[in-house]
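Chemist: Dropping in input-v5.txt, which is compact mmCIF, C-alpha atoms and all ligand atoms:
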```txt
# COMPACT_ATOMS: atom_id res chain seq x y z
CA MET A 1 -4.97 15.18 3.01
CA ASP A 2 -4.37 11.72 1.64
CA HIS A 3 -5.59 9.61 -1.24
CA PHE A 4 -7.45 6.89 0.65
CA LEU A 5 -11.13 7.56 0.01
CA TYR A 6 -14.30 5.55 -0.39
CA ARG A 7 -15.43 5.25 -3.96
CA ASP A 8 -18.40 3.16 -5.07
CA GLY A 9 -18.66 1.89 -1.52
CA VAL A 10 -15.09 0.60 -1.27
CA LEU A 11 -11.99 2.20 0.24
CA HIS A 12 -9.56 3.00 -2.56
CA ALA A 13 -5.90 3.89 -2.62
CA GLU A 14 -5.97 6.50 -5.38
CA ASP A 15 -7.85 4.69 -8.19
CA VAL A 16 -7.34 1.14 -6.94
CA ALA A 17 -9.84 -0.64 -4.68
CA LEU A 18 -8.17 -2.14 -1.62
CA THR A 19 -10.42 -5.17 -2.08
CA GLU A 20 -8.75 -5.80 -5.43
CA ILE A 21 -5.27 -5.67 -3.92
CA ALA A 22 -6.37 -7.94 -1.07
CA ALA A 23 -7.70 -10.47 -3.57
CA GLN A 24 -4.38 -10.57 -5.42
CA VAL A 25 -1.89 -10.18 -2.59
CA GLY A 26 -3.68 -11.68 0.40
CA THR A 27 -3.88 -10.04 3.81
CA PRO A 28 -2.40 -8.46 5.79
CA PHE A 29 -0.46 -5.97 3.67
CA TYR A 30 0.77 -2.39 3.71
CA CYS A 31 -0.41 -0.15 0.90
CA TYR A 32 1.14 3.22 0.04
CA SER A 33 -0.07 6.01 -2.22
CA THR A 34 2.41 7.65 -4.59
CA ALA A 35 0.24 10.77 -4.90
CA THR A 36 0.24 11.25 -1.13
CA LEU A 37 4.00 10.71 -0.79
CA THR A 38 4.55 13.19 -3.59
CA ARG A 39 2.17 15.74 -2.17
CA HIS A 40 3.71 15.59 1.29
CA PHE A 41 7.26 15.92 -0.01
CA ARG A 42 6.24 18.93 -2.10
CA LEU A 43 4.51 20.60 0.86
CA PHE A 44 7.85 20.70 2.68
CA ASP A 45 9.81 21.65 -0.40
CA GLU A 46 7.43 24.53 -1.12
CA ALA A 47 7.33 25.61 2.52
CA LEU A 48 11.05 26.40 2.26
CA ASP A 49 10.71 28.14 -1.08
CA GLY A 50 12.96 31.17 -1.27
CA MET A 51 15.59 29.64 1.01
CA ASP A 52 18.50 27.52 -0.14
CA HIS A 53 17.30 24.14 1.18
CA LEU A 54 17.21 20.36 0.93
CA VAL A 55 14.44 18.14 2.28
CA CYS A 56 16.19 14.99 3.51
CA TYR A 57 13.52 12.34 4.01
CA ALA A 58 14.09 10.48 7.30
CA MET A 59 13.96 7.06 5.71
CA LYS A 60 13.64 5.27 9.04
CA ALA A 61 9.92 6.04 8.66
CA ALA A 62 9.48 3.81 5.60
CA SER A 63 12.47 2.62 3.64
CA ASN A 64 11.22 0.41 0.85
CA GLN A 65 13.31 0.97 -2.29
CA ALA A 66 10.24 2.01 -4.28
CA ILE A 67 9.33 4.67 -1.72
CA LEU A 68 12.89 5.97 -1.65
CA LYS A 69 13.04 6.11 -5.43
CA THR A 70 9.69 7.91 -5.63
CA LEU A 71 11.02 10.60 -3.30
CA ALA A 72 14.54 10.70 -4.72
CA ASP A 73 13.09 11.30 -8.20
CA LEU A 74 11.36 14.37 -6.78
CA GLY A 75 14.72 15.68 -5.57
CA ALA A 76 14.65 14.49 -1.97
CA GLY A 77 17.82 13.92 -0.01
CA MET A 78 17.89 11.18 2.62
CA ASP A 79 18.57 11.20 6.34
CA VAL A 80 20.11 7.83 7.23
CA VAL A 81 20.95 6.35 10.62
CA SER A 82 22.70 3.09 9.81
CA GLY A 83 24.94 1.43 7.27
CA GLY A 84 21.90 -0.46 6.04
CA GLU A 85 19.96 2.74 5.45
CA TYR A 86 22.96 4.28 3.69
CA ALA A 87 23.14 1.24 1.41
CA ARG A 88 19.40 1.43 0.73
CA ALA A 89 19.63 5.12 -0.17
CA VAL A 90 22.51 4.47 -2.56
CA ALA A 91 20.69 1.47 -4.07
CA ALA A 92 17.67 3.71 -4.73
CA GLY A 93 19.91 6.05 -6.71
CA VAL A 94 20.39 8.82 -4.16
CA PRO A 95 23.77 10.49 -4.72
CA GLY A 96 26.09 10.70 -1.70
CA ASP A 97 25.95 14.48 -1.70
CA ARG A 98 22.24 14.23 -0.85
CA ILE A 99 22.68 11.79 2.06
CA VAL A 100 23.13 12.99 5.64
CA PHE A 101 24.21 10.51 8.30
CA SER A 102 22.57 10.89 11.72
CA GLY A 103 22.47 8.59 14.75
CA VAL A 104 24.21 8.27 18.10
CA GLY A 105 26.21 5.12 17.43
CA LYS A 106 27.85 5.25 14.01
CA THR A 107 30.48 2.52 13.82
CA HIS A 108 33.93 2.66 12.17
CA GLU A 109 32.60 0.52 9.32
CA GLU A 110 29.56 2.72 8.75
CA ILE A 111 31.65 5.89 8.75
CA ARG A 112 34.14 4.36 6.36
CA ALA A 113 31.44 3.15 3.96
CA ALA A 114 29.85 6.60 3.87
CA LEU A 115 33.16 8.37 3.32
CA VAL A 116 34.07 6.00 0.51
CA GLY A 117 30.62 6.12 -1.09
CA GLY A 118 30.12 9.85 -0.63
CA ILE A 119 28.28 11.77 2.06
CA ARG A 120 26.79 15.21 2.37
CA GLN A 121 27.61 15.43 6.06
CA PHE A 122 27.76 13.52 9.31
CA ASN A 123 25.62 14.87 12.11
CA VAL A 124 28.00 14.21 14.99
CA GLU A 125 26.42 13.22 18.28
CA SER A 126 29.37 13.05 20.69
CA GLU A 127 33.05 13.80 21.13
CA PRO A 128 34.14 10.13 20.98
CA GLU A 129 32.30 9.83 17.69
CA MET A 130 33.96 12.99 16.43
CA ALA A 131 37.35 11.47 17.16
CA VAL A 132 36.49 8.33 15.22
CA ILE A 133 35.19 10.22 12.18
CA ASP A 134 38.40 12.28 12.19
CA GLU A 135 40.53 9.15 12.44
CA VAL A 136 38.70 7.26 9.66
CA ALA A 137 38.72 10.31 7.37
CA GLN A 138 42.44 10.81 7.88
CA SER A 139 43.13 7.14 7.21
CA LEU A 140 41.31 7.52 3.89
CA GLY A 141 43.01 10.82 3.10
CA VAL A 142 39.72 12.73 2.96
CA VAL A 143 38.04 15.43 5.00
CA ALA A 144 34.62 14.64 6.49
CA PRO A 145 32.00 17.42 6.44
CA ILE A 146 30.27 17.58 9.81
CA THR A 147 27.67 19.37 11.84
CA VAL A 148 27.39 18.81 15.57
CA ARG A 149 23.99 17.86 16.91
CA VAL A 150 23.22 20.12 19.80
CA ASN A 151 20.74 19.24 22.46
CA PRO A 152 18.83 22.45 23.20
CA ASP A 153 17.10 21.14 26.37
CA VAL A 154 13.63 21.86 25.03
CA ASP A 155 10.49 19.94 25.97
CA ALA A 156 9.04 18.64 22.70
CA LYS A 157 5.74 17.79 24.45
CA THR A 158 5.47 14.41 22.81
CA HIS A 159 5.53 10.76 23.95
CA ALA A 160 8.52 10.15 26.25
CA LYS A 161 9.86 7.37 24.01
CA ILE A 162 10.23 9.71 21.05
CA ALA A 163 11.31 12.97 22.74
CA THR A 164 14.99 13.64 22.09
CA GLY A 165 15.73 17.27 22.92
CA LYS A 166 15.81 17.24 26.72
CA SER A 167 19.12 17.21 28.57
CA GLU A 168 18.37 13.76 30.01
CA ASN A 169 18.08 12.22 26.51
CA LYS A 170 20.99 10.39 24.89
CA PHE A 171 21.09 12.69 21.86
CA GLY A 172 23.55 15.40 20.86
CA ILE A 173 25.87 17.46 23.00
CA PRO A 174 24.50 19.98 25.52
CA ILE A 175 24.15 23.32 23.76
CA SER A 176 25.97 24.93 26.68
CA ARG A 177 29.13 23.03 25.68
CA ALA A 178 28.86 23.78 21.97
CA ARG A 179 31.64 26.41 21.75
CA GLU A 180 34.16 24.10 23.37
CA VAL A 181 33.17 21.15 21.17
CA TYR A 182 33.23 23.20 17.97
CA ALA A 183 36.68 24.56 18.88
CA HIS A 184 37.89 21.00 19.28
CA ALA A 185 36.29 19.91 16.00
CA ALA A 186 37.98 22.77 14.15
CA SER A 187 41.35 21.54 15.39
CA LEU A 188 40.93 18.05 13.90
CA PRO A 189 42.43 17.79 10.40
CA GLY A 190 40.04 15.07 9.20
CA LEU A 191 36.95 17.19 9.84
CA LYS A 192 35.40 20.22 8.24
CA VAL A 193 32.78 21.98 10.35
CA ILE A 194 29.99 23.22 8.10
CA GLY A 195 26.98 23.71 10.33
CA ILE A 196 24.76 22.86 13.24
CA ASP A 197 22.21 20.06 13.66
CA VAL A 198 19.22 19.81 15.98
CA HIS A 199 16.30 17.38 16.29
CA ILE A 200 14.08 17.56 19.33
CA GLY A 201 11.63 14.71 18.85
CA SER A 202 8.90 13.18 16.80
CA GLN A 203 5.13 13.64 16.48
CA LEU A 204 5.27 17.25 17.66
CA THR A 205 1.82 18.79 17.48
CA GLU A 206 2.76 22.37 18.35
CA LEU A 207 5.24 24.81 16.83
CA GLU A 208 6.39 26.31 20.11
CA PRO A 209 9.06 23.70 20.94
CA PHE A 210 10.50 24.11 17.43
CA ARG A 211 10.54 27.89 17.94
CA LEU A 212 12.45 27.58 21.22
CA ALA A 213 14.98 25.18 19.71
CA TYR A 214 15.49 27.16 16.50
CA GLN A 215 15.97 30.43 18.39
CA LYS A 216 18.74 28.74 20.36
CA VAL A 217 20.27 27.50 17.11
CA ALA A 218 20.11 31.04 15.67
CA ASP A 219 21.95 32.44 18.69
CA LEU A 220 24.49 29.65 18.54
CA THR A 221 25.10 30.31 14.83
CA GLU A 222 26.07 33.90 15.59
CA THR A 223 28.25 32.89 18.52
CA LEU A 224 30.10 30.22 16.54
CA ARG A 225 30.55 32.55 13.60
CA ALA A 226 32.06 35.12 15.95
CA ASP A 227 34.41 32.37 17.12
CA GLY A 228 35.53 32.00 13.51
CA HIS A 229 33.56 28.93 12.39
CA ASP A 230 32.08 28.87 8.91
CA ILE A 231 28.49 27.96 9.83
CA ARG A 232 26.67 27.78 6.52
CA ARG A 233 24.23 24.89 6.91
CA LEU A 234 21.55 24.25 9.53
CA ASP A 235 19.99 20.80 9.80
CA LEU A 236 16.74 21.27 11.71
CA GLY A 237 15.75 17.62 12.07
CA GLY A 238 12.26 16.25 11.58
CA GLY A 239 9.39 15.79 13.96
CA LEU A 240 6.34 17.60 12.62
CA GLY A 241 3.35 15.54 13.74
CA ILE A 242 0.42 14.17 11.78
CA PRO A 243 -3.29 13.94 12.65
CA TYR A 244 -3.71 10.32 13.77
CA GLU A 245 -7.28 10.93 14.84
CA ARG A 246 -9.29 12.56 12.13
CA SER A 247 -11.75 13.83 14.70
CA ASN A 248 -9.04 15.76 16.62
CA SER A 249 -7.60 19.18 15.92
CA ALA A 250 -4.82 19.09 13.35
CA PRO A 251 -1.11 19.71 14.03
CA PRO A 252 0.55 22.69 12.31
CA LEU A 253 0.97 22.50 8.54
CA PRO A 254 4.33 22.31 6.75
CA ILE A 255 3.73 25.83 5.39
CA GLU A 256 3.41 27.15 8.97
CA TYR A 257 6.50 25.22 9.97
CA GLY A 258 8.36 26.70 6.98
CA ALA A 259 7.27 30.20 7.98
CA LEU A 260 8.63 29.59 11.48
CA ILE A 261 11.97 28.50 10.02
CA LYS A 262 12.14 31.63 7.90
CA GLU A 263 11.21 33.80 10.85
CA THR A 264 13.70 32.32 13.31
CA LEU A 265 16.62 31.52 10.99
CA GLY A 266 16.04 33.30 7.67
CA HIS A 267 18.30 36.25 8.51
CA LEU A 268 21.37 34.02 8.85
CA GLY A 269 21.72 33.21 5.15
CA CYS A 270 22.30 29.51 5.89
CA GLU A 271 21.35 26.59 3.73
CA ILE A 272 18.48 24.78 5.50
CA GLU A 273 18.04 21.04 5.76
CA ILE A 274 15.02 19.37 7.29
CA GLU A 275 14.53 15.66 7.98
CA PRO A 276 10.80 14.90 7.98
CA GLY A 277 9.83 11.24 8.04
CA ARG A 278 6.40 10.71 9.56
CA LEU A 279 4.64 13.57 7.82
CA ILE A 280 5.78 12.36 4.41
CA ALA A 281 5.01 8.66 4.84
CA GLY A 282 2.53 8.37 7.72
CA ASN A 283 -0.73 9.21 6.04
CA ALA A 284 0.57 7.85 2.73
CA GLY A 285 0.09 4.30 3.97
CA VAL A 286 -2.55 1.98 5.38
CA LEU A 287 -2.35 -1.51 6.80
CA VAL A 288 -5.10 -3.74 5.45
CA SER A 289 -6.14 -6.72 7.52
CA GLN A 290 -8.91 -9.28 7.56
CA VAL A 291 -11.17 -10.25 10.43
CA ILE A 292 -10.50 -13.89 11.38
CA TYR A 293 -13.06 -14.20 14.14
CA VAL A 294 -15.53 -12.12 16.03
CA LYS A 295 -15.38 -13.40 19.58
CA SER A 296 -17.81 -12.47 22.30
CA GLY A 297 -16.13 -12.00 25.64
CA GLU A 298 -17.49 -10.95 28.98
CA GLY A 299 -19.04 -7.57 28.38
CA ARG A 300 -17.00 -7.00 25.27
CA ASP A 301 -16.58 -8.27 21.75
CA PHE A 302 -13.19 -8.91 20.20
CA LEU A 303 -12.35 -8.51 16.56
CA ILE A 304 -9.50 -10.95 16.05
CA VAL A 305 -7.72 -9.82 12.90
CA ASP A 306 -4.89 -11.31 10.86
CA ALA A 307 -2.49 -8.40 11.49
CA ALA A 308 -0.70 -8.34 14.80
CA MET A 309 1.71 -6.37 16.95
CA ASN A 310 4.62 -7.80 14.96
CA ASP A 311 3.24 -6.09 11.83
CA LEU A 312 2.34 -2.76 13.49
CA ILE A 313 3.97 -2.27 16.88
CA ARG A 314 2.99 1.36 17.47
CA PRO A 315 -0.13 0.76 19.61
CA ALA A 316 1.72 -1.73 21.84
CA MET A 317 4.87 0.36 22.07
CA TYR A 318 3.62 3.95 22.34
CA GLU A 319 -0.07 3.50 23.18
CA ALA A 320 -0.51 4.97 19.70
CA HIS A 321 -3.92 5.55 18.18
CA HIS A 322 -4.61 4.48 14.60
CA ASP A 323 -7.99 5.14 13.05
CA ILE A 324 -9.48 1.80 11.96
CA VAL A 325 -12.07 1.77 9.20
CA PRO A 326 -13.93 -0.95 7.32
CA VAL A 327 -12.77 -1.35 3.72
CA VAL A 328 -16.35 -1.74 2.54
CA GLU A 329 -18.14 1.50 3.30
CA PRO A 330 -20.81 1.05 5.98
CA THR A 331 -24.41 1.80 5.12
CA ALA A 332 -25.28 5.33 6.19
CA GLY A 333 -26.89 5.48 9.61
CA ILE A 334 -26.07 1.88 10.55
CA GLU A 335 -25.87 1.30 14.31
CA GLN A 336 -22.27 1.00 15.48
CA ALA A 337 -20.88 -1.99 17.34
CA ARG A 338 -18.06 -1.69 19.90
CA TYR A 339 -14.97 -3.89 19.69
CA ASP A 340 -11.55 -4.54 21.12
CA ILE A 341 -9.40 -5.05 18.03
CA VAL A 342 -6.66 -7.57 18.62
CA GLY A 343 -4.16 -9.69 16.72
CA PRO A 344 -3.42 -13.41 17.04
CA VAL A 345 -0.10 -13.03 18.91
CA CYS A 346 0.06 -14.68 22.30
CA GLU A 347 0.22 -11.65 24.52
CA THR A 348 -2.27 -9.10 25.74
CA GLY A 349 -0.08 -6.31 24.39
CA ASP A 350 -1.21 -7.45 20.96
CA THR A 351 -4.15 -5.08 21.15
CA PHE A 352 -4.61 -2.41 18.50
CA ALA A 353 -7.56 -0.62 20.05
CA ARG A 354 -9.97 -1.00 22.95
CA GLN A 355 -13.69 -0.27 22.84
CA ARG A 356 -13.63 1.16 19.34
CA ASP A 357 -16.89 1.93 17.56
CA LEU A 358 -17.18 0.36 14.13
CA PRO A 359 -20.04 -0.87 12.01
CA PRO A 360 -20.85 -4.53 12.81
CA LEU A 361 -18.21 -6.74 11.18
CA GLU A 362 -17.98 -10.45 10.42
CA ALA A 363 -15.25 -12.96 9.75
CA SER A 364 -13.47 -12.28 6.43
CA ASP A 365 -14.40 -8.57 6.37
CA LEU A 366 -11.48 -6.25 5.62
CA ILE A 367 -10.39 -3.35 7.79
CA ALA A 368 -7.75 -0.67 7.21
CA PHE A 369 -5.49 0.90 9.84
CA ARG A 370 -4.94 4.46 8.73
CA SER A 371 -1.77 6.53 9.18
CA ALA A 372 0.32 3.36 9.11
CA GLY A 373 2.77 4.39 6.40
CA ALA A 374 5.43 5.66 8.82
CA TYR A 375 7.05 3.42 11.43
CA GLY A 376 4.81 0.55 10.36
CA ALA A 377 6.50 -1.89 7.99
CA VAL A 378 9.97 -0.78 9.09
CA MET A 379 9.33 -1.72 12.71
CA ALA A 380 7.83 -5.09 11.89
CA SER A 381 9.30 -8.36 13.10
CA GLU A 382 8.66 -12.04 12.59
CA TYR A 383 7.59 -12.62 16.17
CA ASN A 384 5.48 -15.80 16.47
CA SER A 385 7.11 -16.79 13.14
CA ARG A 386 4.75 -14.59 11.24
CA PRO A 387 6.54 -13.67 7.99
CA LEU A 388 6.97 -9.96 7.20
CA ILE A 389 3.90 -8.80 5.32
CA PRO A 390 3.94 -7.47 1.76
CA GLU A 391 4.16 -3.84 0.79
CA VAL A 392 2.20 -2.51 -2.18
CA LEU A 393 2.60 0.83 -3.93
CA VAL A 394 -0.28 2.42 -5.82
CA ASN A 395 0.19 5.03 -8.52
CA GLY A 396 -3.05 6.22 -10.09
CA ASP A 397 -4.83 3.13 -11.38
CA GLN A 398 -1.75 0.90 -11.16
CA PHE A 399 -0.34 -1.02 -8.25
CA ALA A 400 2.77 -3.09 -7.70
CA VAL A 401 3.96 -5.38 -4.94
CA ILE A 402 7.13 -3.63 -3.79
CA ARG A 403 8.05 -6.31 -1.23
CA ARG A 404 6.50 -9.70 -1.52
CA ARG A 405 5.44 -11.99 1.29
CA PRO A 406 8.22 -14.50 2.01
CA THR A 407 7.33 -18.18 2.12
CA PHE A 408 7.66 -20.13 5.34
CA ASP A 409 10.64 -21.93 3.79
CA GLU A 410 12.41 -18.65 3.07
CA MET A 411 11.90 -17.64 6.64
CA ILE A 412 13.07 -20.98 8.05
CA ASN A 413 16.01 -21.35 5.70
CA ARG A 414 17.68 -18.23 7.03
CA ASP A 415 18.52 -20.32 10.08
CA THR A 416 21.45 -22.73 10.02
CA ILE A 417 21.79 -26.00 11.91
CA PRO A 418 25.32 -26.26 13.37
CA PRO A 419 27.40 -29.35 12.41
CA TRP A 420 27.02 -30.96 15.85
CA LEU A 421 23.24 -31.29 15.53
N1 LIG B 1 15.79 13.09 12.24
C1 LIG B 1 16.22 12.41 13.31
C2 LIG B 1 17.58 12.60 13.77
C3 LIG B 1 15.36 11.49 13.94
O1 LIG B 1 15.80 10.81 14.99
C4 LIG B 1 14.04 11.31 13.47
C5 LIG B 1 13.12 10.37 14.11
C6 LIG B 1 13.64 12.06 12.34
C7 LIG B 1 14.53 12.94 11.76
C8 LIG B 1 12.26 11.94 11.76
O2 LIG B 1 11.28 12.34 12.63
P1 LIG B 1 9.75 12.41 12.11
O3 LIG B 1 9.67 13.55 11.11
O4 LIG B 1 9.43 11.12 11.49
O5 LIG B 1 8.99 12.69 13.32
N2 LIG B 1 9.03 4.91 15.94
C9 LIG B 1 8.44 6.12 16.47
C10 LIG B 1 9.09 7.36 15.92
C11 LIG B 1 10.57 7.43 16.14
C12 LIG B 1 11.23 8.65 15.58
C13 LIG B 1 12.71 8.55 15.69
N3 LIG B 1 13.44 9.63 15.09
C14 LIG B 1 6.93 6.09 16.21
O6 LIG B 1 6.43 5.12 15.65
O7 LIG B 1 6.22 7.02 16.60
```
Now that the file is in, can you turn its structure into structure tokens?
Ligand code: LLP

Modeler:
Amino acid sequence: MDHFLYRDGVLHAEDVALTEIAAQVGTPFYCYSTATLTRHFRLFDEALDGMDHLVCYAMKAASNQAILKTLADLGAGMDVVSGGEYARAVAAGVPGDRIVFSGVGKTHEEIRAALVGGIRQFNVESEPEMAVIDEVAQSLGVVAPITVRVNPDVDAKTHAKIATGKSENKFGIPISRAREVYAHAASLPGLKVIGIDVHIGSQLTELEPFRLAYQKVADLTETLRADGHDIRRLDLGGGLGIPYERSNSAPPLPIEYGALIKETLGHLGCEIEIEPGRLIAGNAGVLVSQVIYVKSGEGRDFLIVDAAMNDLIRPAMYEAHHDIVPVVEPTAGIEQARYDIVGPVCETGDTFARQRDLPPLEASDLIAFRSAGAYGAVMASEYNSRPLIPEVLVNGDQFAVIRRRPTFDEMINRDTIPPWL
């Protein structure tokens, strides 16, 4: 459920009409709902009720300071994957002991910054990385808490570009080598082994792959404990999918996911961490865009809109589907038109949807891309010198611009002309 509904014939974000925001902010823009972010965070938090747990929002999904602060104020931890994300989490007021550091390529500098600023744990992805964390921790005279990310060789049954838990993927260490790697970790004085980490992919629409992975983690916990390791925390990653197409059957709910966690891992007495990103932010955001032209092609009509692949790359990159709806509610029973919905960028990949049924639209009409809150604004670029678009946060009947649209000069002035020119 989200808080983007038609009211008085206009699509609202909570109590604010998207037409009103468009009039003040201009299009295109991202708009997020506080109530939806809050609700989604709480669904996970409540799903793990009764277990010692921390929901660490995977901030790669949407990392605006206002979104982070909204979630941090609810008690969320953060899953970060870069020095920049670590700095953003700290800037939003998240204490170090609620920040976990994931990612396959943590640099010396990133590891140092996290150790100095405070970190809940590093999720270690390889032995070379383990050696560097040990070295940096020793040089600072501290001990780094770590889990090792194991790759359980499970098929997440999702898009190949976002599956991470198969043995051919670059993530984690093969679960078959875990005992050896943990023994090595335990011998390094700069490290303290506290648990196990696993993340098998994103946009999972079934529970079965999670079950297979978590059963392997349960077995591994017992094995490592028998080897003498103090395994007290399990980081189970993120990945629960969202319904991108309202007409399709829905993925499992957080409560069902929580029940699976309790069933597969509850007996171990471990503290549980999860790292959901998409489910918290995805349906908490829409991308609002305006039709520039309606162009009749051969056998098809194009809606040329002012958002483009640089603003929302998911359709071009993953063949992703986003529901597209008119901001002004269509008259009941109106005959649908069929459009290819495209942006102004100079490549054919800049196509959001092909042959999509919508009510007939005209230039200057507004449309909203639903489910755009996760991996939308954060994956945007300035390709074609299109400045990054604004982000707006709604809370009840209030809204605020949480990242404004840069001017062309701001964009241009980031470049520097060398002295010889
Ligand atoms: N934890 C780790 C270690 C991850 O790599 C990810 C996502 C998450 C948690 C959060 O997964 P989520 O709950 O959001 O599924 N750009 C792609 C998605 C990439 C996901 C990368 N890792 C997309 O637009 O579909």

Chemist: Name each residue within 8 Å of ligand LIG 1 (chain B), counting only C-alpha atoms and all ligand atoms, as a PDB file with C-alpha atoms, in the frame of the given file.

Modeler:
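Result file is out_11.pdb:
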```
ATOM      1  CA  TYR A  57      13.520  12.340   4.010  1.00  0.00           C
ATOM      2  CA  ALA A  58      14.090  10.480   7.300  1.00  0.00           C
ATOM      3  CA  MET A  59      13.960   7.060   5.710  1.00  0.00           C
ATOM      4  CA  LYS A  60      13.640   5.270   9.040  1.00  0.00           C
ATOM      5  CA  ALA A  61       9.920   6.040   8.660  1.00  0.00           C
ATOM      6  CA  ASP A  79      18.570  11.200   6.340  1.00  0.00           C
ATOM      7  CA  VAL A  81      20.950   6.350  10.620  1.00  0.00           C
ATOM      8  CA  SER A 102      22.570  10.890  11.720  1.00  0.00           C
ATOM      9  CA  GLY A 103      22.470   8.590  14.750  1.00  0.00           C
ATOM     10  CA  LYS A 161       9.860   7.370  24.010  1.00  0.00           C
ATOM     11  CA  ILE A 162      10.230   9.710  21.050  1.00  0.00           C
ATOM     12  CA  THR A 164      14.990  13.640  22.090  1.00  0.00           C
ATOM     13  CA  VAL A 198      19.220  19.810  15.980  1.00  0.00           C
ATOM     14  CA  HIS A 199      16.300  17.380  16.290  1.00  0.00           C
ATOM     15  CA  GLY A 201      11.630  14.710  18.850  1.00  0.00           C
ATOM     16  CA  SER A 202       8.900  13.180  16.800  1.00  0.00           C
ATOM     17  CA  GLN A 203       5.130  13.640  16.480  1.00  0.00           C
ATOM     18  CA  LEU A 204       5.270  17.250  17.660  1.00  0.00           C
ATOM     19  CA  GLY A 237      15.750  17.620  12.070  1.00  0.00           C
ATOM     20  CA  GLY A 238      12.260  16.250  11.580  1.00  0.00           C
ATOM     21  CA  GLY A 239       9.390  15.790  13.960  1.00  0.00           C
ATOM     22  CA  LEU A 240       6.340  17.600  12.620  1.00  0.00           C
ATOM     23  CA  GLY A 241       3.350  15.540  13.740  1.00  0.00           C
ATOM     24  CA  ILE A 274      15.020  19.370   7.290  1.00  0.00           C
ATOM     25  CA  GLU A 275      14.530  15.660   7.980  1.00  0.00           C
ATOM     26  CA  PRO A 276      10.800  14.900   7.980  1.00  0.00           C
ATOM     27  CA  GLY A 277       9.830  11.240   8.040  1.00  0.00           C
ATOM     28  CA  ARG A 278       6.400  10.710   9.560  1.00  0.00           C
ATOM     29  CA  LEU A 279       4.640  13.570   7.820  1.00  0.00           C
ATOM     30  CA  ILE A 280       5.780  12.360   4.410  1.00  0.00           C
ATOM     31  CA  ILE A 313       3.970  -2.270  16.880  1.00  0.00           C
ATOM     32  CA  ARG A 314       2.990   1.360  17.470  1.00  0.00           C
ATOM     33  CA  TYR A 318       3.620   3.950  22.340  1.00  0.00           C
ATOM     34  CA  ALA A 320      -0.510   4.970  19.700  1.00  0.00           C
ATOM     35  CA  ALA A 374       5.430   5.660   8.820  1.00  0.00           C
ATOM     36  CA  TYR A 375       7.050   3.420  11.430  1.00  0.00           C
ATOM     37  CA  GLY A 376       4.810   0.550  10.360  1.00  0.00           C
ATOM     38  CA  MET A 379       9.330  -1.720  12.710  1.00  0.00           C
TER      39      MET A 379
END
```

Chemist: Work out how far atom CA of Met309 of chain A is from atom CA of Ile412 of chain A, in Å to one decimal.

Modeler: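 Computed distance, atom CA of Ile412 of chain A to atom CA of Met309 of chain A, equals 20.5 Å.
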
Chemist: For the atom pair atom CA of Gln65 of chain A and atom CA of Thr416 of chain A, what is the interatomic distance in Å to one decimal place?

Modeler: 27.9 Å

Chemist: As an exercise, work out the distance from atom CA of Leu11 of chain A to atom CA of Tyr339 of chain A in Å and give it to one decimal place.

Modeler: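 Computing the Euclidean distance for atom CA of Leu11 of chain A and atom CA of Tyr339 of chain A yields 20.6 Å.
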
Chemist: At a cut-off of 8 Å, using only C-alpha atoms, what residues contact segment 50-52 of chain A? Leave out same-chain residues fewer than 4 positions from it and give the result as a PyMOL selection string.

Modeler: chain A and resi 262+266+270-272

Chemist: Considering all atoms listed in the file, tabulate each residue of segment 191-297 of chain A that lies at most 9 Å from segment 108-123 of chain A along with its nearest interatomic pair and the corresponding distance in Å to one decimal; arrange the rows by chain and ascending residue number and present them as a tab-separated table.

Modeler:
```
residue	atom	partner	partner_atom	distance
A:Ile194	CA	A:Gln121	CA	8.4
A:Ile196	CA	A:Asn123	CA	8.1
A:Asp197	CA	A:Asn123	CA	6.4
A:Val198	CA	A:Asn123	CA	9.0
A:Asp235	CA	A:Asn123	CA	8.5
```

Chemist: Calculated over all atoms listed in the file, which of the candidates A:Leu207, A:Ala316, A:Ile99, A:Val305 has the smallest distance to Thr264 of chain A?

Modeler: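 Selected residue with least distance to Thr264 of chain A: A:Leu207.
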
Chemist: Set the distance at 10 Å and use only C-alpha atoms: which residues neighbour Gly190 of chain A once local chain neighbours fewer than 3 positions away are removed? I'd like the list as a PyMOL selection string.

Modeler: chain A and resi 130-145+185-187

Chemist: How big is the axis-aligned box around all listed atoms of segment 329-348 of chain A once 5 Å goes on each side, and where's its centre, in Å to one decimal, as JSON?

Modeler:
```
{"center_x": -13.3, "center_y": -4.6, "center_z": 14.5, "size_x": 37.1, "size_y": 30.2, "size_z": 32.4}
```

Chemist: Residues within 9 Å of Thr38 of chain A, please, as a PyMOL selection string. Count only C-alpha atoms; anything in the same chain fewer than 6 positions from it doesn't count.

Modeler: chain A and resi 70-71+74+280

Chemist: Contacts of Ala35 of chain A at 12 Å or less, counting only C-alpha atoms, minus same-chain residues fewer than 3 places along, as a list in words?

Modeler: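 Listed by chain and then number, they are Met1, Asp2, His3, Phe4, Ala13, Glu14, Asp15, Tyr32, Thr38, Arg39, His40, Phe41, Arg42, Ile67, Thr70, Leu71, Leu74, Ile280, Ala281, Asn283, Ala284, Gly285, Leu393, Val394, Asn395, Gly396, Asp397 and Gln398 of chain A.
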
Chemist: Report as a VMD selection string all protein, DNA and RNA residues lying within 6 Å of Val392 of chain A, evaluated on all atoms listed in the file, omitting residues in the same chain fewer than 4 positions from it.

Modeler: chain A and resid 31 400 to 402

Chemist: For each of A:Glu329, A:Glu319, A:Glu222, A:Glu20, take the minimum atom-to-atom distance to Arg354 of chain A, counting all atoms listed in the file, then give the residue where this is smallest.

Modeler: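 Looking at the shortest contact to Arg354 of chain A, the residue is A:Glu319.
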